[in-house]
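The structure file model_37.cif is reproduced below (mmCIF, C-alpha atoms).
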```
data_start
loop_
_atom_site.label_atom_id
_atom_site.label_comp_id
_atom_site.auth_asym_id
_atom_site.auth_seq_id
_atom_site.Cartn_x
_atom_site.Cartn_y
_atom_site.Cartn_z
CA MET A 37 26.33 27.83 7.64
CA ASN A 38 26.03 24.36 6.25
CA SER A 39 27.52 24.28 2.78
CA LEU A 40 26.28 20.82 1.85
CA SER A 41 23.66 20.59 -0.88
CA HIS A 42 20.11 19.60 0.09
CA SER A 43 20.53 16.18 -1.49
CA LYS A 44 23.81 15.47 0.29
CA ARG A 45 22.34 16.50 3.63
CA LEU A 46 19.28 14.36 3.02
CA ARG A 47 21.39 11.37 2.07
CA GLY A 48 23.43 11.89 5.23
CA LYS A 49 20.24 11.83 7.30
CA ILE A 50 18.96 8.75 5.49
CA ARG A 51 22.22 6.93 6.24
CA LEU A 52 21.57 7.46 9.96
CA ALA A 53 18.11 5.92 9.76
CA GLU A 54 18.50 3.12 7.24
CA PRO A 55 20.64 0.45 8.98
CA CYS A 56 17.41 -1.18 10.22
CA LEU A 57 16.04 -1.37 6.68
CA LEU A 58 19.31 -2.66 5.25
CA ALA A 59 19.49 -5.35 7.92
CA VAL A 60 15.99 -6.67 7.28
CA SER A 61 16.57 -6.41 3.55
CA ASP A 62 19.72 -8.54 3.90
CA GLN A 63 17.73 -11.09 5.90
CA PHE A 64 15.14 -11.16 3.15
CA TRP A 65 17.46 -11.49 0.16
CA THR A 66 19.67 -14.13 1.78
CA HIS A 67 16.71 -16.11 3.11
CA ALA A 68 17.07 -19.86 2.73
CA HIS A 69 13.53 -20.04 1.32
CA LEU A 70 13.59 -16.90 -0.78
CA GLY A 71 11.60 -18.64 -3.51
CA GLU A 72 8.68 -19.07 -1.08
CA ILE A 73 8.63 -15.47 0.12
CA PHE A 74 9.52 -13.73 -3.15
CA PRO A 75 5.89 -13.54 -4.39
CA GLU A 76 5.03 -11.81 -1.10
CA PHE A 77 7.72 -9.24 -1.81
CA LEU A 78 6.24 -8.60 -5.26
CA PHE A 79 2.81 -8.24 -3.69
CA MET A 80 4.18 -5.73 -1.17
CA MET A 81 5.87 -3.81 -3.95
CA HIS A 82 2.69 -3.82 -5.99
CA SER A 83 0.74 -2.53 -2.97
CA ILE A 84 3.16 0.39 -2.79
CA ILE A 85 3.58 1.30 -6.43
CA ARG A 86 -0.09 1.05 -7.30
CA SER A 87 -0.36 4.35 -5.40
CA SER A 88 2.62 6.10 -7.03
CA VAL A 89 0.88 7.93 -9.86
CA SER A 90 -2.06 9.11 -7.77
CA LEU A 91 0.26 10.16 -4.93
CA LEU A 92 2.53 12.13 -7.26
CA ASN A 93 -0.46 13.77 -8.92
CA ALA A 94 -2.03 14.62 -5.56
CA ALA A 95 1.24 16.24 -4.50
CA ALA A 96 1.44 18.06 -7.86
CA ASP A 97 -2.10 19.40 -7.37
CA ALA A 98 -1.26 20.53 -3.83
CA ALA A 99 1.87 22.25 -5.13
CA GLN A 100 -0.09 23.91 -7.94
CA ARG A 101 -2.56 25.35 -5.45
CA ARG A 102 0.29 27.02 -3.54
CA ALA A 103 2.34 27.99 -6.59
CA ASP A 104 1.36 31.67 -6.72
CA SER A 105 2.69 32.40 -3.28
CA ASP A 106 5.28 29.70 -2.72
CA PRO A 107 8.49 29.39 -4.79
CA VAL A 108 9.17 25.81 -3.72
CA SER A 109 5.72 24.64 -4.79
CA ARG A 110 6.11 26.47 -8.08
CA LYS A 111 9.24 24.46 -8.83
CA ILE A 112 8.01 21.03 -7.75
CA ALA A 113 4.56 20.90 -9.38
CA ASP A 114 5.90 20.21 -12.87
CA TYR A 115 8.50 17.76 -11.59
CA TYR A 116 5.86 15.69 -9.81
CA ARG A 117 3.62 15.68 -12.88
CA SER A 118 6.35 14.54 -15.21
CA HIS A 119 7.49 11.91 -12.72
CA ALA A 120 3.91 10.62 -12.47
CA LEU A 121 3.96 10.13 -16.24
CA GLU A 122 7.24 8.22 -15.98
CA GLU A 123 5.72 5.92 -13.36
CA THR A 124 2.48 5.26 -15.22
CA HIS A 125 1.65 1.53 -15.60
CA HIS A 126 4.64 0.34 -13.60
CA ASP A 127 2.20 -1.32 -11.22
CA ASP A 128 0.74 -3.19 -14.20
CA TRP A 129 4.21 -4.44 -15.12
CA LEU A 130 4.66 -5.75 -11.61
CA LEU A 131 1.25 -7.39 -11.65
CA ASP A 132 2.21 -9.11 -14.92
CA ASP A 133 5.36 -10.43 -13.22
CA LEU A 134 3.34 -11.77 -10.31
CA VAL A 135 0.96 -13.52 -12.69
CA ALA A 136 3.89 -14.89 -14.71
CA ILE A 137 5.26 -16.66 -11.62
CA GLY A 138 1.91 -18.17 -10.70
CA GLY A 139 -0.10 -15.40 -9.03
CA ASP A 140 -3.75 -14.79 -9.80
CA ARG A 141 -4.41 -11.28 -11.09
CA SER A 142 -7.82 -10.83 -9.51
CA GLU A 143 -6.68 -12.31 -6.19
CA VAL A 144 -3.73 -9.92 -6.07
CA LEU A 145 -5.97 -6.95 -6.74
CA ALA A 146 -8.55 -8.07 -4.17
CA ARG A 147 -6.06 -8.93 -1.43
CA MET A 148 -5.81 -6.60 1.57
CA PRO A 149 -2.50 -4.71 1.63
CA SER A 150 -0.51 -4.56 4.84
CA PRO A 151 -1.31 -1.73 7.27
CA ALA A 152 2.43 -0.97 7.21
CA VAL A 153 2.11 -0.16 3.51
CA ALA A 154 -1.05 1.87 4.09
CA SER A 155 0.82 3.85 6.73
CA LEU A 156 3.88 4.22 4.51
CA VAL A 157 1.86 5.72 1.67
CA GLY A 158 -0.94 7.29 3.69
CA ALA A 159 1.42 9.50 5.67
CA GLN A 160 2.73 10.90 2.40
CA TYR A 161 -0.76 12.04 1.39
CA TYR A 162 -1.20 13.69 4.78
CA TRP A 163 2.06 15.59 4.60
CA ALA A 164 1.61 16.54 0.94
CA LEU A 165 -1.97 17.76 1.35
CA HIS A 166 -1.89 19.20 4.83
CA VAL A 167 1.69 20.30 5.52
CA HIS A 168 3.69 20.87 2.33
CA PRO A 169 3.96 18.83 -0.87
CA VAL A 170 7.76 19.06 -0.83
CA SER A 171 7.59 16.31 1.82
CA LEU A 172 7.35 13.73 -0.95
CA PHE A 173 11.05 14.18 -1.71
CA GLY A 174 11.87 12.26 1.48
CA TYR A 175 9.77 9.31 0.34
CA LEU A 176 11.21 9.44 -3.18
CA ALA A 177 14.76 9.62 -1.87
CA VAL A 178 14.25 6.41 0.10
CA LEU A 179 12.37 4.54 -2.60
CA GLU A 180 14.43 5.64 -5.58
CA GLY A 181 17.63 6.83 -3.97
CA ASN A 182 19.48 3.55 -3.90
CA PRO A 183 18.74 1.61 -7.08
CA SER A 184 19.59 -2.05 -7.21
CA SER A 185 22.08 -3.07 -9.85
CA LEU A 186 21.54 -5.59 -12.61
CA LYS A 187 24.43 -7.55 -11.11
CA GLN A 188 22.70 -7.74 -7.70
CA LEU A 189 19.47 -8.89 -9.27
CA SER A 190 21.03 -11.53 -11.48
CA GLY A 191 23.11 -12.75 -8.52
CA ILE A 192 20.00 -13.17 -6.36
CA ARG A 193 18.10 -14.87 -9.17
CA ALA A 194 20.92 -17.30 -9.91
CA THR A 195 21.63 -18.13 -6.26
CA HIS A 196 18.00 -18.93 -5.51
CA LYS A 197 17.07 -20.28 -8.95
CA LEU A 198 14.18 -17.86 -9.34
CA ALA A 199 12.28 -17.36 -12.59
CA ALA A 200 13.40 -14.43 -14.73
CA GLU A 201 9.73 -13.46 -15.25
CA GLY A 202 9.46 -12.45 -11.60
CA PHE A 203 12.30 -9.94 -12.03
CA ARG A 204 11.29 -8.18 -15.24
CA THR A 205 10.02 -5.00 -13.57
CA MET A 206 12.93 -4.93 -11.14
CA VAL A 207 15.37 -5.24 -14.03
CA LYS A 208 13.65 -2.39 -15.87
CA HIS A 209 13.91 -0.27 -12.74
CA ALA A 210 17.57 -1.14 -12.26
CA ARG A 211 18.02 0.49 -15.67
CA LEU A 212 15.64 3.44 -15.14
CA ASP A 213 16.17 4.41 -11.52
CA PRO A 214 19.74 5.72 -11.62
CA HIS A 215 18.39 8.37 -13.99
CA HIS A 216 15.30 9.00 -11.83
CA ARG A 217 17.49 9.28 -8.73
CA ASP A 218 19.86 11.80 -10.34
CA GLU A 219 16.96 13.84 -11.69
CA MET A 220 15.24 13.84 -8.29
CA PHE A 221 18.33 14.92 -6.36
CA ALA A 222 19.11 17.60 -8.97
CA GLN A 223 15.57 18.94 -8.57
CA LEU A 224 15.89 18.92 -4.78
CA ASP A 225 19.16 20.85 -4.95
CA GLU A 226 17.49 23.63 -6.90
CA LEU A 227 14.80 24.27 -4.30
CA PRO A 228 14.94 27.31 -1.99
CA LEU A 229 14.05 25.18 1.04
CA THR A 230 13.37 26.61 4.46
CA ALA A 231 14.72 24.82 7.54
CA ALA A 232 11.20 23.55 8.29
CA GLN A 233 10.84 22.12 4.77
CA SER A 234 14.21 20.33 5.06
CA GLU A 235 13.06 18.87 8.33
CA LEU A 236 9.75 17.74 6.83
CA ILE A 237 11.57 15.98 3.99
CA ALA A 238 13.81 14.18 6.49
CA LEU A 239 10.84 13.10 8.61
CA SER A 240 9.12 11.78 5.51
CA ALA A 241 12.27 9.78 4.65
CA PHE A 242 12.57 8.40 8.20
CA HIS A 243 8.92 7.36 8.17
CA ALA A 244 9.35 5.63 4.82
CA ILE A 245 12.39 3.72 6.11
CA GLU A 246 10.58 2.64 9.26
CA HIS A 247 7.49 1.40 7.44
CA LEU A 248 9.38 -0.37 4.66
CA THR A 249 11.30 -2.14 7.41
CA LEU A 250 8.03 -3.13 9.06
CA ALA A 251 6.53 -4.33 5.78
CA LEU A 252 9.54 -6.52 5.01
CA ASP A 253 9.61 -7.78 8.59
CA GLU A 254 5.97 -8.80 8.27
CA ILE A 255 6.82 -11.00 5.29
CA LEU A 256 9.64 -12.69 7.21
CA ASP A 257 7.49 -13.14 10.34
CA SER A 258 4.58 -14.54 8.40
CA HIS A 259 6.81 -17.11 6.70
CA ARG A 260 8.33 -18.09 10.07
CA ASP A 261 4.84 -18.55 11.53
CA GLN A 262 3.70 -20.65 8.58
CA ARG A 263 6.69 -22.97 8.87
CA LYS A 264 6.14 -23.36 12.62
CA ALA A 265 2.51 -24.25 11.99
CA SER A 266 3.27 -26.83 9.29
CA MET B 520 23.57 33.67 66.73
CA ALA B 521 24.01 35.19 63.42
CA SER B 522 22.70 32.99 60.71
CA LYS B 523 25.19 31.92 58.21
CA ALA B 524 24.78 33.74 54.97
CA LYS B 525 23.68 31.38 52.33
CA SER B 526 26.33 30.99 49.75
CA LYS B 527 25.05 32.27 46.49
CA SER B 528 27.03 30.13 44.16
CA LYS B 529 25.84 30.31 40.61
CA PRO B 530 24.01 27.20 39.45
CA LYS B 531 26.31 25.24 37.22
CA ALA B 532 25.47 25.80 33.60
CA LYS B 533 24.16 22.59 32.15
CA LYS B 534 26.52 21.32 29.48
CA LYS B 535 24.78 21.27 26.13
CA THR B 536 24.62 17.79 24.74
CA SER B 537 25.48 17.50 21.09
CA ASN B 538 23.37 15.60 18.58
CA VAL B 539 26.26 13.20 18.07
CA GLU B 540 26.31 12.44 21.80
CA VAL B 541 22.55 11.93 21.98
CA LEU B 542 22.44 9.69 18.93
CA GLU B 543 25.51 7.73 19.93
CA SER B 544 24.17 7.03 23.40
CA ALA B 545 20.90 5.83 21.81
CA GLY B 546 22.86 3.47 19.55
CA VAL B 547 21.89 5.27 16.34
CA LEU B 548 25.45 5.95 15.26
CA VAL B 549 29.07 5.19 15.96
CA SER B 550 30.93 8.48 15.85
CA GLU B 551 34.34 6.84 15.40
CA GLN B 552 33.35 6.12 11.82
CA PHE B 553 32.49 9.75 11.19
CA THR B 554 34.04 12.23 8.84
CA ASP B 555 33.85 15.95 9.58
CA ALA B 556 31.10 16.24 6.99
CA ASP B 557 29.08 13.51 8.75
CA ARG B 558 29.49 15.32 12.07
CA LYS B 559 28.38 18.57 10.50
CA THR B 560 25.28 16.91 9.06
CA VAL B 561 24.39 15.34 12.40
CA GLU B 562 24.86 18.57 14.31
CA SER B 563 22.55 20.31 11.84
CA LEU B 564 19.69 17.93 12.66
CA SER B 565 16.72 19.51 14.39
CA ALA B 566 15.44 18.30 17.75
CA SER B 567 12.50 16.58 16.00
CA GLU B 568 14.78 14.73 13.60
CA VAL B 569 16.96 13.53 16.47
CA SER B 570 13.93 12.46 18.45
CA VAL B 571 12.48 10.47 15.51
CA LEU B 572 15.83 8.73 14.93
CA VAL B 573 16.06 7.74 18.60
CA LYS B 574 12.48 6.43 18.59
CA MET B 575 13.08 4.47 15.39
CA ARG B 576 16.19 2.91 16.87
CA LYS B 577 14.18 1.79 19.92
CA LYS B 578 11.45 0.28 17.75
CA THR B 579 13.57 -1.42 15.13
CA GLY B 580 16.57 -2.47 17.22
CA ALA B 581 20.22 -2.62 16.33
CA ALA B 582 21.42 -3.30 12.84
CA PRO B 583 24.64 -5.17 12.13
CA GLU B 584 27.38 -2.94 10.80
CA GLY B 585 29.49 -3.39 7.73
CA GLN B 586 27.54 -5.94 5.72
CA HIS B 587 27.38 -5.85 1.99
CA HIS B 588 23.77 -4.82 1.80
CA LEU B 589 21.61 -6.46 -0.80
CA ARG B 590 18.66 -4.16 -0.83
CA PRO B 591 17.12 -4.09 -4.28
CA ASN B 592 15.55 -0.76 -4.83
CA VAL B 593 11.95 -0.38 -3.76
CA PHE B 594 10.97 1.70 -6.69
CA VAL B 595 8.01 4.02 -6.86
#
```
This structure in structure tokens:
Amino acid sequence: MNSLSHSKRLRGKIRLAEPCLLAVSDQFWTHAHLGEIFPEFLFMMHSIIRSSVSLLNAAADAAQRRADSDPVSRKIADYYRSHALEETHHDDWLLDDLVAIGGDRSEVLARMPSPAVASLVGAQYYWALHVHPVSLFGYLAVLEGNPSSLKQLSGIRATHKLAAEGFRTMVKHARLDPHHRDEMFAQLDELPLTAAQSELIALSAFHAIEHLTLALDEILDSHRDQRKAS
Amino acid sequence: MASKAKSKSKPKAKKKTSNVEVLESAGVLVSEQFTDADRKTVESLSASEVSVLVKMRKKTGAAPEGQHHLRPNVFV
């Protein structure tokens, strides 16, 4: 019998999958022209987090529908709803940051998000609605499980001489996410998960890692192509 | 001439490959760096989880080990 908690097992699985994401993330944050690609990162982030509240609420609704007959769903419905409230308007904060560093609000909202982001988020709807809403814990563990520190952010900003306005939402999250992470893992540890549900959560996490890696890679590739062309 | 009786040796039992072996040969992990807890976690992975990890490794390629990773959190 495996005596590890659900959250420790999940983190162990994530560690196996995430070297690819960490490597591309390192390439991004140490990029010689970070100032040129940073707005693209904010756009990617905005593309992702604009879906957070509706995704969490969709998963909460799916959990509510199963709650009478399913103990896991009964426990997660309220957690998803309260987390959706915590995440409300965070996409607006990020949009404000993008505008503050020179972006155009209406252009950002009209711009087509990357298919990698659509796949990242879209798969979560599929799993939550058609398999089991507990799947979302894998996504949350990847996206909130490793918060950046204020020191990391200020180091990056200072090294690349980037405007503080572009980092306001990231700084807020560096303060908020350690709490969100702990709350999320504590909630996961309380769930009476079946083996199939644990597997689903891991697959959701692996998919999130793969598609975040692709989305960051796209930004790096696009910048490389632009420089070649100019 | 009497035909030689076919020897009825038992087929050799195929050695079960561990998750650690599969993932190490696919370049997903380096088991030397493992603690017992890591090994236990890896051996508890299902066949689907192992398969997804191997496919991901093929698609995304190798990642350098031991860097101080800078990933700022991609918050939801």
Lys559 of chain B surroundings by all atoms listed in the file, 12 Å radius, close-in-sequence under 6 positions cut, as a VMD selection string: (chain A and resid 37 to 40 44 to 45 48 to 49) or (chain B and resid 537 to 539 550 553)
Residues of chain A within 6 Å of chain B, all atoms listed in the file counted, as a PyMOL selection string: chain A and resi 55-56+59+61-62+85+88+179-180+182-184
Between atom CA of Gly174 of chain A and atom CA of Ala238 of chain A, distance in Å (one decimal):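 Between these atoms lies a distance of 5.7 Å.
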Residue contacts of Tyr161 of chain A (9 Å, all atoms listed in the file) excluding same-chain residues fewer than 4 positions away, as a ChimeraX atom specification: /A:91,94-95,157,165-166,169,172
List every protein, DNA or RNA residue that has an atom no more than 12 Å from (6.9, -15.4, -3.2) in the file's coordinate frame, counting only C-alpha atoms, and report them as a CSV table (one decimal) with C-alpha atoms, keeping the file's coordinate frame.
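In the end it all went to out-v2.csv:
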```csv
chain,number,residue,atom,x,y,z
A,64,PHE,CA,15.1,-11.2,3.2
A,65,TRP,CA,17.5,-11.5,0.2
A,67,HIS,CA,16.7,-16.1,3.1
A,69,HIS,CA,13.5,-20.0,1.3
A,70,LEU,CA,13.6,-16.9,-0.8
A,71,GLY,CA,11.6,-18.6,-3.5
A,72,GLU,CA,8.7,-19.1,-1.1
A,73,ILE,CA,8.6,-15.5,0.1
A,74,PHE,CA,9.5,-13.7,-3.2
A,75,PRO,CA,5.9,-13.5,-4.4
A,76,GLU,CA,5.0,-11.8,-1.1
A,77,PHE,CA,7.7,-9.2,-1.8
A,78,LEU,CA,6.2,-8.6,-5.3
A,79,PHE,CA,2.8,-8.2,-3.7
A,80,MET,CA,4.2,-5.7,-1.2
A,81,MET,CA,5.9,-3.8,-4.0
A,133,ASP,CA,5.4,-10.4,-13.2
A,134,LEU,CA,3.3,-11.8,-10.3
A,135,VAL,CA,1.0,-13.5,-12.7
A,136,ALA,CA,3.9,-14.9,-14.7
A,137,ILE,CA,5.3,-16.7,-11.6
A,138,GLY,CA,1.9,-18.2,-10.7
A,139,GLY,CA,-0.1,-15.4,-9.0
A,196,HIS,CA,18.0,-18.9,-5.5
A,198,LEU,CA,14.2,-17.9,-9.3
A,199,ALA,CA,12.3,-17.4,-12.6
A,202,GLY,CA,9.5,-12.4,-11.6
A,203,PHE,CA,12.3,-9.9,-12.0
A,255,ILE,CA,6.8,-11.0,5.3
A,256,LEU,CA,9.6,-12.7,7.2
A,258,SER,CA,4.6,-14.5,8.4
A,259,HIS,CA,6.8,-17.1,6.7
```
Selection near Arg217 of chain A, 9 Å with only C-alpha atoms, sequence-local residues under 4 positions removed, as a PyMOL selection string: chain A and resi 176-177+180-183+212-213+221-222
Atom CA of Glu235 of chain A to atom CA of Ala98 of chain A, straight-line distance in Å: 18.9 Å
Straight-line distance linking atom CA of Glu54 of chain A with atom CA of Leu248 of chain A, stated in Å to one decimal: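 Those two atoms sit 10.1 Å apart.
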Put a box with edges along x, y and z around all the listed atoms of segment 44-49 of chain A, pad it by 3 Å on each side, then give me its centre and sizes in Å, one decimal, as AutoDock Vina command-line options.
```
--center_x 21.5 --center_y 13.9 --center_z 3.8 --size_x 10.5 --size_y 11.1 --size_z 13.0
```
